[in-house]
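Inspection log for the structure reproduced underneath, given as structure tokens.
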Amino acid sequence: MKWTAVPYVAGKALKRNLMRTLLTALGIVIGVAAVITMVGLGQGAKSEVEEQVNRLGQNVVLVFPGARQLGGVSIGGGSANTLTTEDARALREEIPEVVAASPEVRSQRVLVYGNQNWHTRIYGQTADYLQIRQWPIESGRMFTEEEVERASLVAVVGQTVVDELFEGADPIGETVRVRGLPITIVGVLSQKGMSLMGSVQDDIMIIPYTTAFQRVSGRSHAMVINVQVYDDDSMDIARAKIEDLLRERHNLAPYQENDFTIQTQEEVAEAATETSRVMTWLLASIAGISLFVGGIGIMNVMLVSVTERTREVGLRLAVGARAPDVMLQFLIESIILCLLGGIGGIILGLISTEVIANYAGWPAFFSTQAMIIAVSVSAAVGLFFGFYPAWKASRLDPIVALRSE
């Protein structure tokens with residue numbers, strides 16, 4: 001038999017037991033689908049995290065009150081009261097590398113406009129907060145330093161507030177009531193999208209931090225201080241000076257731990273990508289286990305196939321077929337089986353990637369390289385797990401094989 005006829009004969013043999021062939025390939029289908037999904041979602045999640053970290057601003061350092069650890073990464077203890085507005089002012093005035101520092105206080109309040117109302121987040125900030133976050137104004141203006149000093153009742157609002165409270169109309173100059181206080185809207189923020197924590201950043205009202213502390217939130221300490229450094233080269237120096245200055249202001253002895261936590265953008269990105277990394281490893285484990293189990297299934301089916309076709313193999317050997325021809329035939333059957341599983345896995349992987357990406361709100365990436373690798377791996381699985389059955393078939397004695405029932 002010519003070697004070019006081997007794939008045709010192998011395909012015909014697999015077609016004789018079509019249902020068994022499809023069920024055997026199922027493990028490979030799941031494994032390859034997991035690989036495609038893993039790569040597509042992993043790249044999409046990485047892209048999304050990078051974009052969201054960039055939305056934090058440029059050269060930003062976050063200082064949280066308290067100090068606690070989670071998974072080896074420091075995060076802020078939001079319930080601690082160790083940061084003050086004077087700390088933020090000192091950071092801005094005494095550290096040359098710091099461009100701006102904004103103490104932040106947050107609260108949830110109901111905004112009332114006419115007969116409309118909307119529950120949103122209210123942030124107290126300085127006038128240069130939008131500069132720190134690289135967040136442009138869509139219309140109107142940001143409140144001024146003078147308005148901050150006077151604790152004026154002015155605000156800028158996000159697009160969600162405009163849509164929900166004003167039905168998309170221009171709100172500049174309009175007055176909303178918060179806890180009975182009349183607050184005049186002086187600006188509308190450009191659209192920002194989702195945050196790293198999955199919240200809608202556009203559902204927000206920003207007011208002077210003095211107004212927030214004295215008249216809206218009822219808090220006396222900052223929940224975070226947003227700091228902007230001149231450039232990336234100054235980041236490490238600025239971080240060290242921030243730590244030294246805050247320790248000095250908080251009268252911490254050398255043996256005492258910091259009562260605050262400093263995070264740079266890189267550390268925020270590292271913490272955010274940890275979740276996607278865990279998901280990637282989970283999918284990789286599923287892919288590996290599925291491919292291994294699928295490979296064992298293929299070996300089992302090929303061994304059964306060799307037993308069922310012993311007389312056929314004996315007849316071919318008796319009429320002149322060589323042992324390598326028999327071995328090649330069974331190897332090709334095994335590889336075809338895995339390639340069918342690989343193609344099915346690619347289709348299933350593309351569908352599952354699209355579904356999960358839409359549900360999670362992430363961009364999905366379909367990598368041609370991942371598809372090629374997935375098909376190559378499935379072919380390698382067929383070659384590896386099909387070798388023993390093929391070798392066993394090639395070693396049959398023609399006389400013994402022809403006598404078998």
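Chain identifiers are assigned as A, B, and so on, following the order in which chains appear in the structure tokens; residues are numbered from 1 within each chain, and ligands are numbered from 1 in order of appearance.
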Please provide as a PDB file with N, CA and C atoms, in the first residue's frame all residues within 8 Å of Leu339 of chain A, with the sequence filter that same-chain residues fewer than 4 positions apart are discarded (counting only C-alpha atoms).
```pdb
ATOM      1  N   ILE A 335      -3.482  10.466  15.133  1.00  0.00           N
ATOM      2  CA  ILE A 335      -3.276  11.913  14.921  1.00  0.00           C
ATOM      3  C   ILE A 335      -4.527  12.558  14.326  1.00  0.00           C
ATOM      4  N   ILE A 343      -9.693  20.803  16.054  1.00  0.00           N
ATOM      5  CA  ILE A 343     -10.551  21.725  15.282  1.00  0.00           C
ATOM      6  C   ILE A 343     -11.838  22.024  16.048  1.00  0.00           C
ATOM      7  N   VAL A 375      -3.460  23.231  17.803  1.00  0.00           N
ATOM      8  CA  VAL A 375      -3.548  22.122  16.852  1.00  0.00           C
ATOM      9  C   VAL A 375      -2.265  21.279  16.892  1.00  0.00           C
ATOM     10  N   SER A 378      -2.343  19.123  19.979  1.00  0.00           N
ATOM     11  CA  SER A 378      -3.277  17.994  19.846  1.00  0.00           C
ATOM     12  C   SER A 378      -2.685  16.922  18.937  1.00  0.00           C
ATOM     13  N   ALA A 379      -1.969  17.321  17.879  1.00  0.00           N
ATOM     14  CA  ALA A 379      -1.313  16.335  17.015  1.00  0.00           C
ATOM     15  C   ALA A 379      -0.220  15.599  17.780  1.00  0.00           C
TER      16      ALA A 379
END
```
Every residue of segment 198-394 of chain A that DSSP places in strand (DSSP E or B), as a PDB file with all heavy atoms, in the first residue's frame:
```
ATOM      1  N   VAL A 200     -18.469  51.877  37.990  1.00  0.00           N
ATOM      2  CA  VAL A 200     -18.613  52.870  36.918  1.00  0.00           C
ATOM      3  C   VAL A 200     -18.065  54.201  37.414  1.00  0.00           C
ATOM      4  O   VAL A 200     -18.632  54.830  38.304  1.00  0.00           O
ATOM      5  CB  VAL A 200     -20.088  53.008  36.506  1.00  0.00           C
ATOM      6  CG1 VAL A 200     -20.223  54.048  35.395  1.00  0.00           C
ATOM      7  CG2 VAL A 200     -20.649  51.673  36.068  1.00  0.00           C
ATOM      8  N   ILE A 204     -20.492  59.755  39.444  1.00  0.00           N
ATOM      9  CA  ILE A 204     -19.719  60.445  40.479  1.00  0.00           C
ATOM     10  C   ILE A 204     -20.042  61.936  40.498  1.00  0.00           C
ATOM     11  O   ILE A 204     -20.404  62.516  39.471  1.00  0.00           O
ATOM     12  CB  ILE A 204     -18.208  60.238  40.224  1.00  0.00           C
ATOM     13  CG1 ILE A 204     -17.362  60.763  41.383  1.00  0.00           C
ATOM     14  CG2 ILE A 204     -17.793  60.909  38.931  1.00  0.00           C
ATOM     15  CD1 ILE A 204     -15.885  60.449  41.232  1.00  0.00           C
ATOM     16  N   MET A 205     -19.941  62.524  41.678  1.00  0.00           N
ATOM     17  CA  MET A 205     -19.950  63.983  41.833  1.00  0.00           C
ATOM     18  C   MET A 205     -18.703  64.348  42.632  1.00  0.00           C
ATOM     19  O   MET A 205     -18.423  63.732  43.661  1.00  0.00           O
ATOM     20  CB  MET A 205     -21.203  64.472  42.561  1.00  0.00           C
ATOM     21  CG  MET A 205     -21.125  65.960  42.977  1.00  0.00           C
ATOM     22  SD  MET A 205     -22.538  66.513  43.932  1.00  0.00           S
ATOM     23  CE  MET A 205     -23.647  66.992  42.617  1.00  0.00           C
ATOM     24  N   ILE A 206     -17.928  65.335  42.144  1.00  0.00           N
ATOM     25  CA  ILE A 206     -16.716  65.769  42.839  1.00  0.00           C
ATOM     26  C   ILE A 206     -16.937  67.177  43.369  1.00  0.00           C
ATOM     27  O   ILE A 206     -17.314  68.083  42.614  1.00  0.00           O
ATOM     28  CB  ILE A 206     -15.498  65.749  41.899  1.00  0.00           C
ATOM     29  CG1 ILE A 206     -15.298  64.341  41.325  1.00  0.00           C
ATOM     30  CG2 ILE A 206     -14.239  66.178  42.651  1.00  0.00           C
ATOM     31  CD1 ILE A 206     -14.170  64.238  40.301  1.00  0.00           C
ATOM     32  N   ILE A 207     -16.706  67.342  44.668  1.00  0.00           N
ATOM     33  CA  ILE A 207     -16.878  68.651  45.314  1.00  0.00           C
ATOM     34  C   ILE A 207     -15.575  69.008  46.037  1.00  0.00           C
ATOM     35  O   ILE A 207     -14.714  68.138  46.230  1.00  0.00           O
ATOM     36  CB  ILE A 207     -18.058  68.624  46.316  1.00  0.00           C
ATOM     37  CG1 ILE A 207     -17.789  67.595  47.415  1.00  0.00           C
ATOM     38  CG2 ILE A 207     -19.365  68.312  45.606  1.00  0.00           C
ATOM     39  CD1 ILE A 207     -18.873  67.528  48.485  1.00  0.00           C
ATOM     40  N   PRO A 208     -15.381  70.253  46.443  1.00  0.00           N
ATOM     41  CA  PRO A 208     -14.174  70.606  47.214  1.00  0.00           C
ATOM     42  C   PRO A 208     -14.085  69.748  48.480  1.00  0.00           C
ATOM     43  O   PRO A 208     -15.095  69.499  49.144  1.00  0.00           O
ATOM     44  CB  PRO A 208     -14.398  72.083  47.548  1.00  0.00           C
ATOM     45  CG  PRO A 208     -15.279  72.592  46.464  1.00  0.00           C
ATOM     46  CD  PRO A 208     -16.194  71.461  46.128  1.00  0.00           C
ATOM     47  N   VAL A 224      -7.863  58.425  51.386  1.00  0.00           N
ATOM     48  CA  VAL A 224      -6.679  58.178  50.549  1.00  0.00           C
ATOM     49  C   VAL A 224      -6.127  59.536  50.139  1.00  0.00           C
ATOM     50  O   VAL A 224      -6.873  60.525  50.077  1.00  0.00           O
ATOM     51  CB  VAL A 224      -7.026  57.323  49.312  1.00  0.00           C
ATOM     52  CG1 VAL A 224      -8.052  58.013  48.449  1.00  0.00           C
ATOM     53  CG2 VAL A 224      -5.789  57.008  48.486  1.00  0.00           C
ATOM     54  N   ILE A 225      -4.814  59.593  49.917  1.00  0.00           N
ATOM     55  CA  ILE A 225      -4.212  60.814  49.368  1.00  0.00           C
ATOM     56  C   ILE A 225      -3.654  60.470  47.992  1.00  0.00           C
ATOM     57  O   ILE A 225      -2.823  59.566  47.855  1.00  0.00           O
ATOM     58  CB  ILE A 225      -3.091  61.347  50.273  1.00  0.00           C
ATOM     59  CG1 ILE A 225      -3.658  61.742  51.639  1.00  0.00           C
ATOM     60  CG2 ILE A 225      -2.413  62.549  49.631  1.00  0.00           C
ATOM     61  CD1 ILE A 225      -2.587  62.221  52.622  1.00  0.00           C
ATOM     62  N   ASN A 226      -4.170  61.153  46.971  1.00  0.00           N
ATOM     63  CA  ASN A 226      -3.688  60.957  45.592  1.00  0.00           C
ATOM     64  C   ASN A 226      -2.514  61.896  45.358  1.00  0.00           C
ATOM     65  O   ASN A 226      -2.655  63.114  45.488  1.00  0.00           O
ATOM     66  CB  ASN A 226      -4.798  61.277  44.587  1.00  0.00           C
ATOM     67  CG  ASN A 226      -6.026  60.410  44.803  1.00  0.00           C
ATOM     68  OD1 ASN A 226      -6.085  59.290  44.342  1.00  0.00           O
ATOM     69  ND2 ASN A 226      -7.004  60.950  45.529  1.00  0.00           N
ATOM     70  N   VAL A 227      -1.359  61.330  45.030  1.00  0.00           N
ATOM     71  CA  VAL A 227      -0.143  62.133  44.843  1.00  0.00           C
ATOM     72  C   VAL A 227       0.350  61.964  43.411  1.00  0.00           C
ATOM     73  O   VAL A 227       0.391  60.847  42.891  1.00  0.00           O
ATOM     74  CB  VAL A 227       0.963  61.679  45.821  1.00  0.00           C
ATOM     75  CG1 VAL A 227       2.214  62.541  45.633  1.00  0.00           C
ATOM     76  CG2 VAL A 227       0.471  61.747  47.263  1.00  0.00           C
ATOM     77  N   GLN A 228       0.700  63.078  42.784  1.00  0.00           N
ATOM     78  CA  GLN A 228       1.306  63.019  41.456  1.00  0.00           C
ATOM     79  C   GLN A 228       2.761  63.460  41.538  1.00  0.00           C
ATOM     80  O   GLN A 228       3.075  64.499  42.109  1.00  0.00           O
ATOM     81  CB  GLN A 228       0.553  63.902  40.466  1.00  0.00           C
ATOM     82  CG  GLN A 228       1.074  63.736  39.027  1.00  0.00           C
ATOM     83  CD  GLN A 228       0.311  64.596  38.039  1.00  0.00           C
ATOM     84  OE1 GLN A 228      -0.118  65.698  38.360  1.00  0.00           O
ATOM     85  NE2 GLN A 228       0.134  64.089  36.839  1.00  0.00           N
ATOM     86  N   VAL A 229       3.643  62.640  40.952  1.00  0.00           N
ATOM     87  CA  VAL A 229       5.081  62.915  40.947  1.00  0.00           C
ATOM     88  C   VAL A 229       5.451  63.472  39.582  1.00  0.00           C
ATOM     89  O   VAL A 229       4.788  63.196  38.579  1.00  0.00           O
ATOM     90  CB  VAL A 229       5.850  61.603  41.242  1.00  0.00           C
ATOM     91  CG1 VAL A 229       7.351  61.841  41.230  1.00  0.00           C
ATOM     92  CG2 VAL A 229       5.416  61.042  42.597  1.00  0.00           C
ATOM     93  N   PHE A 260       0.391  53.773  57.582  1.00  0.00           N
ATOM     94  CA  PHE A 260      -0.149  54.103  56.258  1.00  0.00           C
ATOM     95  C   PHE A 260       0.461  53.137  55.248  1.00  0.00           C
ATOM     96  O   PHE A 260       1.443  52.431  55.542  1.00  0.00           O
ATOM     97  CB  PHE A 260       0.211  55.559  55.885  1.00  0.00           C
ATOM     98  CG  PHE A 260       1.682  55.842  55.964  1.00  0.00           C
ATOM     99  CD1 PHE A 260       2.522  55.597  54.898  1.00  0.00           C
ATOM    100  CD2 PHE A 260       2.244  56.324  57.156  1.00  0.00           C
ATOM    101  CE1 PHE A 260       3.879  55.836  54.987  1.00  0.00           C
ATOM    102  CE2 PHE A 260       3.610  56.564  57.247  1.00  0.00           C
ATOM    103  CZ  PHE A 260       4.428  56.318  56.169  1.00  0.00           C
ATOM    104  N   THR A 261      -0.114  53.079  54.064  1.00  0.00           N
ATOM    105  CA  THR A 261       0.380  52.199  53.000  1.00  0.00           C
ATOM    106  C   THR A 261       0.554  53.002  51.721  1.00  0.00           C
ATOM    107  O   THR A 261      -0.342  53.755  51.336  1.00  0.00           O
ATOM    108  CB  THR A 261      -0.627  51.061  52.734  1.00  0.00           C
ATOM    109  OG1 THR A 261      -0.816  50.338  53.940  1.00  0.00           O
ATOM    110  CG2 THR A 261      -0.095  50.112  51.665  1.00  0.00           C
ATOM    111  N   ILE A 262       1.725  52.854  51.107  1.00  0.00           N
ATOM    112  CA  ILE A 262       2.012  53.568  49.862  1.00  0.00           C
ATOM    113  C   ILE A 262       1.979  52.572  48.709  1.00  0.00           C
ATOM    114  O   ILE A 262       2.599  51.510  48.776  1.00  0.00           O
ATOM    115  CB  ILE A 262       3.385  54.258  49.927  1.00  0.00           C
ATOM    116  CG1 ILE A 262       3.427  55.249  51.098  1.00  0.00           C
ATOM    117  CG2 ILE A 262       3.693  54.973  48.621  1.00  0.00           C
ATOM    118  CD1 ILE A 262       4.806  55.865  51.318  1.00  0.00           C
ATOM    119  N   GLN A 263       1.254  52.916  47.658  1.00  0.00           N
ATOM    120  CA  GLN A 263       1.207  52.080  46.458  1.00  0.00           C
ATOM    121  C   GLN A 263       1.485  52.921  45.226  1.00  0.00           C
ATOM    122  O   GLN A 263       0.886  53.990  45.056  1.00  0.00           O
ATOM    123  CB  GLN A 263      -0.159  51.414  46.295  1.00  0.00           C
ATOM    124  CG  GLN A 263      -0.343  50.159  47.142  1.00  0.00           C
ATOM    125  CD  GLN A 263      -1.600  49.427  46.744  1.00  0.00           C
ATOM    126  OE1 GLN A 263      -2.684  49.988  46.746  1.00  0.00           O
ATOM    127  NE2 GLN A 263      -1.463  48.172  46.401  1.00  0.00           N
ATOM    128  N   THR A 264       2.389  52.434  44.392  1.00  0.00           N
ATOM    129  CA  THR A 264       2.628  53.089  43.108  1.00  0.00           C
ATOM    130  C   THR A 264       1.715  52.469  42.058  1.00  0.00           C
ATOM    131  O   THR A 264       1.058  51.445  42.304  1.00  0.00           O
ATOM    132  CB  THR A 264       4.087  52.923  42.674  1.00  0.00           C
ATOM    133  OG1 THR A 264       4.351  51.527  42.481  1.00  0.00           O
ATOM    134  CG2 THR A 264       5.034  53.473  43.719  1.00  0.00           C
TER     135      THR A 264
END
```
May I have the residues within 10 Å of Val99 of chain A as an MDAnalysis selection string, using only C-alpha atoms and disregarding those fewer than 4 positions away in the same chain? chainID A and resid 59:60 91:93 95 128 131:132 227:231
For atom CA of Arg141 of chain A and atom CA of Val186 of chain A, determine how far apart the two atoms are, in Å to one decimal place.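 These two atoms are separated by 5.8 Å.
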Within 9 Å of Phe387 of chain A, counting only C-alpha atoms, which residues qualify if same-chain residues fewer than 3 places away don't, as a PyMOL selection string? chain A and resi 299+327+330-331+334+382-384+390-392
Taking N, CA, C and O atoms for each residue, export the selection above as a PDB file, in the first residue's frame.
```pdb
ATOM      1  N   MET A 299      -5.510   6.386  23.524  1.00  0.00           N
ATOM      2  CA  MET A 299      -4.692   5.183  23.597  1.00  0.00           C
ATOM      3  C   MET A 299      -5.572   3.944  23.820  1.00  0.00           C
ATOM      4  O   MET A 299      -5.378   2.896  23.188  1.00  0.00           O
ATOM      5  N   MET A 327       2.449   0.409  11.344  1.00  0.00           N
ATOM      6  CA  MET A 327       2.637   1.368  12.447  1.00  0.00           C
ATOM      7  C   MET A 327       2.218   2.775  12.017  1.00  0.00           C
ATOM      8  O   MET A 327       1.549   3.501  12.757  1.00  0.00           O
ATOM      9  N   PHE A 330      -1.686   3.241  11.972  1.00  0.00           N
ATOM     10  CA  PHE A 330      -2.338   3.454  13.267  1.00  0.00           C
ATOM     11  C   PHE A 330      -1.925   4.796  13.884  1.00  0.00           C
ATOM     12  O   PHE A 330      -2.727   5.437  14.572  1.00  0.00           O
ATOM     13  N   LEU A 331      -0.693   5.217  13.631  1.00  0.00           N
ATOM     14  CA  LEU A 331      -0.290   6.536  14.129  1.00  0.00           C
ATOM     15  C   LEU A 331      -1.100   7.642  13.470  1.00  0.00           C
ATOM     16  O   LEU A 331      -1.538   8.594  14.121  1.00  0.00           O
ATOM     17  N   SER A 334      -4.516   7.857  14.919  1.00  0.00           N
ATOM     18  CA  SER A 334      -4.498   8.534  16.219  1.00  0.00           C
ATOM     19  C   SER A 334      -4.356  10.044  16.053  1.00  0.00           C
ATOM     20  O   SER A 334      -5.042  10.822  16.733  1.00  0.00           O
ATOM     21  N   GLY A 382      -1.765  13.016  19.944  1.00  0.00           N
ATOM     22  CA  GLY A 382      -2.116  11.837  19.160  1.00  0.00           C
ATOM     23  C   GLY A 382      -0.905  10.980  18.852  1.00  0.00           C
ATOM     24  O   GLY A 382      -0.957   9.738  18.916  1.00  0.00           O
ATOM     25  N   LEU A 383       0.203  11.626  18.542  1.00  0.00           N
ATOM     26  CA  LEU A 383       1.442  10.898  18.237  1.00  0.00           C
ATOM     27  C   LEU A 383       1.967  10.166  19.469  1.00  0.00           C
ATOM     28  O   LEU A 383       2.365   8.996  19.398  1.00  0.00           O
ATOM     29  N   PHE A 384       1.933  10.852  20.622  1.00  0.00           N
ATOM     30  CA  PHE A 384       2.490  10.274  21.855  1.00  0.00           C
ATOM     31  C   PHE A 384       1.651   9.096  22.354  1.00  0.00           C
ATOM     32  O   PHE A 384       2.172   8.009  22.628  1.00  0.00           O
ATOM     33  N   ALA A 390       0.143   1.578  17.988  1.00  0.00           N
ATOM     34  CA  ALA A 390       0.682   1.397  16.637  1.00  0.00           C
ATOM     35  C   ALA A 390       1.860   0.426  16.657  1.00  0.00           C
ATOM     36  O   ALA A 390       1.997  -0.445  15.778  1.00  0.00           O
ATOM     37  N   TRP A 391       2.715   0.560  17.661  1.00  0.00           N
ATOM     38  CA  TRP A 391       3.874  -0.352  17.774  1.00  0.00           C
ATOM     39  C   TRP A 391       3.397  -1.780  18.007  1.00  0.00           C
ATOM     40  O   TRP A 391       3.932  -2.728  17.429  1.00  0.00           O
ATOM     41  N   LYS A 392       2.353  -1.911  18.848  1.00  0.00           N
ATOM     42  CA  LYS A 392       1.825  -3.244  19.133  1.00  0.00           C
ATOM     43  C   LYS A 392       1.262  -3.890  17.864  1.00  0.00           C
ATOM     44  O   LYS A 392       1.458  -5.088  17.618  1.00  0.00           O
TER      45      LYS A 392
END
```
Which residues come within 12 Å of Ile289 of chain A, counting only C-alpha atoms, excluding same-chain residues fewer than 2 positions away, as a ChimeraX atom specification? /A:27-28,30-32,34-35,282-287,291-296
Selection file, C-alpha atoms, as a PDB file, in the first residue's frame:
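Once written, again_33.pdb looks like this:
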```
ATOM      1  CA  GLY A  27     -11.335  15.224  25.839  1.00  0.00           C
ATOM      2  CA  ILE A  28      -9.106  16.855  23.222  1.00  0.00           C
ATOM      3  CA  ILE A  30     -12.220  20.445  25.925  1.00  0.00           C
ATOM      4  CA  GLY A  31      -8.452  20.746  26.323  1.00  0.00           C
ATOM      5  CA  VAL A  32      -7.930  22.774  23.153  1.00  0.00           C
ATOM      6  CA  ALA A  34      -9.497  25.717  27.333  1.00  0.00           C
ATOM      7  CA  VAL A  35      -6.191  26.723  25.689  1.00  0.00           C
ATOM      8  CA  LEU A 282      -6.854  27.628  36.408  1.00  0.00           C
ATOM      9  CA  LEU A 283      -7.682  27.360  32.709  1.00  0.00           C
ATOM     10  CA  ALA A 284      -4.190  26.049  31.945  1.00  0.00           C
ATOM     11  CA  SER A 285      -4.684  23.310  34.547  1.00  0.00           C
ATOM     12  CA  ILE A 286      -8.037  22.375  33.010  1.00  0.00           C
ATOM     13  CA  ALA A 287      -6.427  22.298  29.557  1.00  0.00           C
ATOM     14  CA  LEU A 291      -5.478  16.818  27.127  1.00  0.00           C
ATOM     15  CA  PHE A 292      -3.943  14.128  29.345  1.00  0.00           C
ATOM     16  CA  VAL A 293      -7.285  12.387  29.949  1.00  0.00           C
ATOM     17  CA  GLY A 294      -8.137  12.734  26.260  1.00  0.00           C
ATOM     18  CA  GLY A 295      -4.788  11.187  25.339  1.00  0.00           C
ATOM     19  CA  ILE A 296      -5.390   8.205  27.624  1.00  0.00           C
TER      20      ILE A 296
END
```
Measure the distance from atom CA of Ala33 of chain A to atom CA of Leu303 of chain A in Å and round it to one decimal.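 Interatomic distance here is 26.1 Å.
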Which of these residues is nearest to Gly124 of chain A, using only C-alpha atoms: A:Ser352, A:Ser47, A:Asn251, A:Ser152?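 Looking at the shortest contact to Gly124 of chain A, the residue is A:Ser152.
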Separating atom CA of Thr126 of chain A from atom CA of Pro103 of chain A, to the nearest tenth of an Å, is a gap of 7.1 Å
If we count only C-alpha atoms, what is near segment 164-166 of chain A at a cut-off of 7 Å, once residues fewer than 2 positions away on the same chain are taken out, given as a list of chain:residue names?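 Final neighbour list, sorted by chain and number: A:Tyr113, A:Gln116, A:Asn117, A:Trp118, A:Thr160, A:Val161, A:Val162, A:Gly168, A:Ala169, A:Pro171.
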Which is closest to Met279 of chain A among A:Thr184, A:Ser139, A:Thr37, A:Asn358, if we use only C-alpha atoms?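 Of all the options, A:Thr37 lies closest to Met279 of chain A.
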